[in-house]
Amino acid sequence: MATYHKSNMLTDTPLSFCPGCTHGIAHKLIAEVLQELGQQGNVIGVAPVGCSVFAYKFFNCDMQEAAHGRAPAVATGIKRVHPDKVVFSYQGDGDLASIGLAEIMHAGLRGENITVVFINNAIYGMTGGQMAPTSLIGQKTTTSPFGRTVERQGNPIRMCEMLASQDGPAYLERVMLTDYANVLKAKRAIKKAFEYQIAGKGFSMVECLSTCPTNWHMTPVQACQHIKDNMTKIYPLGVFKDVGGAK
């Protein structure tokens, strides 16, 4: 009988995420993939402001903090200085799709050979539940207490679709972290994204639809069902770009 062992790419520090949050699942998948690819000691991660800010405590690799939204720019600098290293950024939707929109778009346009793990829970989780660029129409938040409307706050932003319309990115996929089958699909996507970087194919990003039970005011089970029933209608799962083949 096989025995489960925690990845060596994770420290023994207890995760500080809220109960039911799937950030921890994303951390576990990244760590397992990097260990399976034999990259221990060869990884540099970048974490900006938001729920991801304490990633340096959890990943057993060199970690660099970045200003809010600037992780792709910081990761670009690190990768260009250390092209032999595996470099990734770990970002939430308020960070990546709002203040960091220019950074992620231009990193993708340039085809920077980095990997981005994008956690989309459609809300600002760390700072009190404000509306994010990815919040759904009708979603109530602390800054849209009557529900987001197209007329007042505009439409949700779809990052995979936006980046896929450009020539730079090599691999873009959207997954969700709601159940066993989809977690396995997410792991395969994250592994492929890192494999593309190792092969020098260019920019890769995996968008993970993730829960925020605390700010959604739901139980963890309800939050996972909300992703399946509502978020996937706006953010459909699948591969949005895959260049295949090496450069």
# chains A, B, ... in the order shown; residues from 1 in each chain; ligands from 1
>>> select_by_dssp(residues="region 27-71 of chain A", states="alpha helix (DSSP H)", output="list of chain:residue names")
A:His27, A:Lys28, A:Leu29, A:Ile30, A:Ala31, A:Glu32, A:Val33, A:Leu34, A:Gln35, A:Glu36, A:Ala55, A:Tyr56, A:Lys57, A:Phe58, A:Ala71
>>> write_last_selection(atoms="C-alpha atoms", output="PDB file, in the first residue's frame")
ATOM      1  CA  HIS A  27       0.361  25.221  -3.045  1.00  0.00           C
ATOM      2  CA  LYS A  28       0.360  21.436  -2.739  1.00  0.00           C
ATOM      3  CA  LEU A  29       0.087  20.951  -6.505  1.00  0.00           C
ATOM      4  CA  ILE A  30       2.897  23.375  -7.311  1.00  0.00           C
ATOM      5  CA  ALA A  31       5.163  21.720  -4.744  1.00  0.00           C
ATOM      6  CA  GLU A  32       4.420  18.196  -5.958  1.00  0.00           C
ATOM      7  CA  VAL A  33       4.969  19.131  -9.595  1.00  0.00           C
ATOM      8  CA  LEU A  34       8.299  20.827  -8.946  1.00  0.00           C
ATOM      9  CA  GLN A  35       9.497  17.830  -6.933  1.00  0.00           C
ATOM     10  CA  GLU A  36       8.366  15.390  -9.632  1.00  0.00           C
ATOM     11  CA  ALA A  55       4.122  32.095   0.217  1.00  0.00           C
ATOM     12  CA  TYR A  56       7.760  32.455   1.245  1.00  0.00           C
ATOM     13  CA  LYS A  57       6.832  30.667   4.474  1.00  0.00           C
ATOM     14  CA  PHE A  58       5.270  27.699   2.712  1.00  0.00           C
ATOM     15  CA  ALA A  71       5.249  39.940  -9.735  1.00  0.00           C
TER      16      ALA A  71
END
>>> select_by_dssp(residues="region 48-223 of chain A", states="strand (DSSP E)", output="list in words")
Asp62, Met63, Gln64, Glu65, Val86, Val87, Phe88, Ser89, Tyr90, Gln91, Gly92, Thr115, Val116, Val117, Phe118, Ile119, Asn120, Tyr171, Leu172, Glu173, Arg174, Val175, Met176, Ser204, Met205, Val206, Glu207, Cys208 and Leu209 of chain A
>>> write_last_selection(atoms="N, CA and C atoms", output="mmCIF file, in the first residue's frame")
data_model
loop_
_atom_site.group_PDB
_atom_site.id
_atom_site.type_symbol
_atom_site.label_atom_id
_atom_site.label_comp_id
_atom_site.auth_asym_id
_atom_site.auth_seq_id
_atom_site.Cartn_x
_atom_site.Cartn_y
_atom_site.Cartn_z
ATOM 1 N N ASP A 62 13.786 29.432 -2.847
ATOM 2 C CA ASP A 62 14.016 30.875 -2.769
ATOM 3 C C ASP A 62 12.734 31.601 -3.191
ATOM 4 N N MET A 63 12.321 32.566 -2.396
ATOM 5 C CA MET A 63 11.122 33.341 -2.697
ATOM 6 C C MET A 63 11.451 34.830 -2.650
ATOM 7 N N GLN A 64 10.850 35.575 -3.561
ATOM 8 C CA GLN A 64 11.045 37.026 -3.632
ATOM 9 C C GLN A 64 9.690 37.709 -3.505
ATOM 10 N N GLU A 65 9.598 38.657 -2.592
ATOM 11 C CA GLU A 65 8.381 39.460 -2.499
ATOM 12 C C GLU A 65 8.388 40.531 -3.591
ATOM 13 N N VAL A 86 14.096 27.777 -12.621
ATOM 14 C CA VAL A 86 12.652 27.729 -12.852
ATOM 15 C C VAL A 86 12.023 28.840 -12.021
ATOM 16 N N VAL A 87 11.379 29.789 -12.683
ATOM 17 C CA VAL A 87 10.852 30.973 -12.017
ATOM 18 C C VAL A 87 9.332 31.020 -12.181
ATOM 19 N N PHE A 88 8.635 31.210 -11.060
ATOM 20 C CA PHE A 88 7.176 31.304 -11.141
ATOM 21 C C PHE A 88 6.667 32.434 -10.264
ATOM 22 N N SER A 89 5.522 32.984 -10.653
ATOM 23 C CA SER A 89 4.807 33.923 -9.787
ATOM 24 C C SER A 89 3.493 33.283 -9.377
ATOM 25 N N TYR A 90 3.051 33.636 -8.166
ATOM 26 C CA TYR A 90 1.813 33.086 -7.607
ATOM 27 C C TYR A 90 0.934 34.270 -7.238
ATOM 28 N N GLN A 91 -0.177 34.460 -7.974
ATOM 29 C CA GLN A 91 -0.915 35.717 -7.870
ATOM 30 C C GLN A 91 -2.422 35.512 -7.796
ATOM 31 N N GLY A 92 -3.085 36.383 -7.045
ATOM 32 C CA GLY A 92 -4.529 36.397 -6.994
ATOM 33 C C GLY A 92 -5.118 37.336 -8.023
ATOM 34 N N THR A 115 6.507 31.047 -15.512
ATOM 35 C CA THR A 115 5.226 30.386 -15.280
ATOM 36 C C THR A 115 4.442 31.171 -14.232
ATOM 37 N N VAL A 116 3.182 31.407 -14.513
ATOM 38 C CA VAL A 116 2.307 32.139 -13.602
ATOM 39 C C VAL A 116 1.179 31.214 -13.152
ATOM 40 N N VAL A 117 0.993 31.110 -11.844
ATOM 41 C CA VAL A 117 -0.177 30.419 -11.298
ATOM 42 C C VAL A 117 -1.117 31.500 -10.782
ATOM 43 N N PHE A 118 -2.274 31.592 -11.423
ATOM 44 C CA PHE A 118 -3.231 32.678 -11.187
ATOM 45 C C PHE A 118 -4.430 32.122 -10.426
ATOM 46 N N ILE A 119 -4.618 32.573 -9.186
ATOM 47 C CA ILE A 119 -5.727 32.125 -8.358
ATOM 48 C C ILE A 119 -6.882 33.104 -8.493
ATOM 49 N N ASN A 120 -7.950 32.652 -9.128
ATOM 50 C CA ASN A 120 -9.115 33.500 -9.372
ATOM 51 C C ASN A 120 -10.252 33.078 -8.442
ATOM 52 N N TYR A 171 1.392 28.843 -23.458
ATOM 53 C CA TYR A 171 0.435 27.898 -22.886
ATOM 54 C C TYR A 171 -0.446 28.598 -21.868
ATOM 55 N N LEU A 172 -1.769 28.480 -22.052
ATOM 56 C CA LEU A 172 -2.753 29.087 -21.156
ATOM 57 C C LEU A 172 -3.865 28.082 -20.909
ATOM 58 N N GLU A 173 -4.161 27.802 -19.649
ATOM 59 C CA GLU A 173 -5.255 26.883 -19.334
ATOM 60 C C GLU A 173 -5.971 27.363 -18.083
ATOM 61 N N ARG A 174 -7.293 27.133 -18.059
ATOM 62 C CA ARG A 174 -8.104 27.439 -16.868
ATOM 63 C C ARG A 174 -8.637 26.136 -16.277
ATOM 64 N N VAL A 175 -8.458 25.984 -14.978
ATOM 65 C CA VAL A 175 -8.882 24.790 -14.252
ATOM 66 C C VAL A 175 -9.649 25.240 -13.008
ATOM 67 N N MET A 176 -10.175 24.278 -12.246
ATOM 68 C CA MET A 176 -10.801 24.620 -10.970
ATOM 69 C C MET A 176 -10.370 23.626 -9.903
ATOM 70 N N SER A 204 3.870 30.882 -19.770
ATOM 71 C CA SER A 204 2.774 29.961 -19.486
ATOM 72 C C SER A 204 2.014 30.446 -18.262
ATOM 73 N N MET A 205 0.697 30.250 -18.274
ATOM 74 C CA MET A 205 -0.130 30.633 -17.133
ATOM 75 C C MET A 205 -1.250 29.625 -16.948
ATOM 76 N N VAL A 206 -1.461 29.232 -15.701
ATOM 77 C CA VAL A 206 -2.597 28.389 -15.342
ATOM 78 C C VAL A 206 -3.492 29.189 -14.416
ATOM 79 N N GLU A 207 -4.728 29.395 -14.825
ATOM 80 C CA GLU A 207 -5.712 30.086 -14.006
ATOM 81 C C GLU A 207 -6.522 29.057 -13.235
ATOM 82 N N CYS A 208 -6.540 29.192 -11.919
ATOM 83 C CA CYS A 208 -7.241 28.239 -11.054
ATOM 84 C C CYS A 208 -8.455 28.917 -10.430
ATOM 85 N N LEU A 209 -9.653 28.448 -10.778
ATOM 86 C CA LEU A 209 -10.850 28.943 -10.109
ATOM 87 C C LEU A 209 -10.842 28.391 -8.691
#
>>> residues_around(residues="Ile198 (chain A)", least_positions_apart="2", cutoff="12 Å", atoms="only C-alpha atoms", output="MDAnalysis selection string")
chainID A and resid 34 37:39 42:43 79 83:88 113:115 191:196 200:204 246:247
>>> residues_around(residues="Gln153 (chain A)", least_positions_apart="6", cutoff="9 Å", atoms="only C-alpha atoms", output="ChimeraX atom specification")
/A:133,137,144
>>> write_last_selection(atoms="C-alpha atoms", output="JSON list (two decimals), in the first residue's frame")
[["chain", "number", "residue", "atom", "x", "y", "z"],
["A", 133, "PRO", "CA", -12.04, 42.74, -11.70],
["A", 137, "ILE", "CA", -22.30, 40.28, -12.34],
["A", 144, "SER", "CA", -20.63, 46.45, -4.45]]
>>> residues_around(residues="Gly138 (chain A)", least_positions_apart="5", cutoff="12 Å", atoms="only C-alpha atoms", output="number ranges by chain")
A: 122, 131, 144-156, 230-231
>>> residues_around(residues="region 212-221 of chain A", least_positions_apart="4", cutoff="7 Å", atoms="only C-alpha atoms", output="compact mmCIF listing (two decimals) with C-alpha atoms, in the first residue's frame")
# COMPACT_ATOMS: atom_id res chain seq x y z
CA GLY A 20 -12.17 25.84 3.03
CA CYS A 21 -9.89 28.08 0.97
CA ASN A 121 -11.61 33.61 -6.50
CA GLY A 125 -9.71 37.96 -0.12
CA GLY A 129 -13.88 41.22 0.44
CA GLN A 225 -20.65 24.27 -5.86
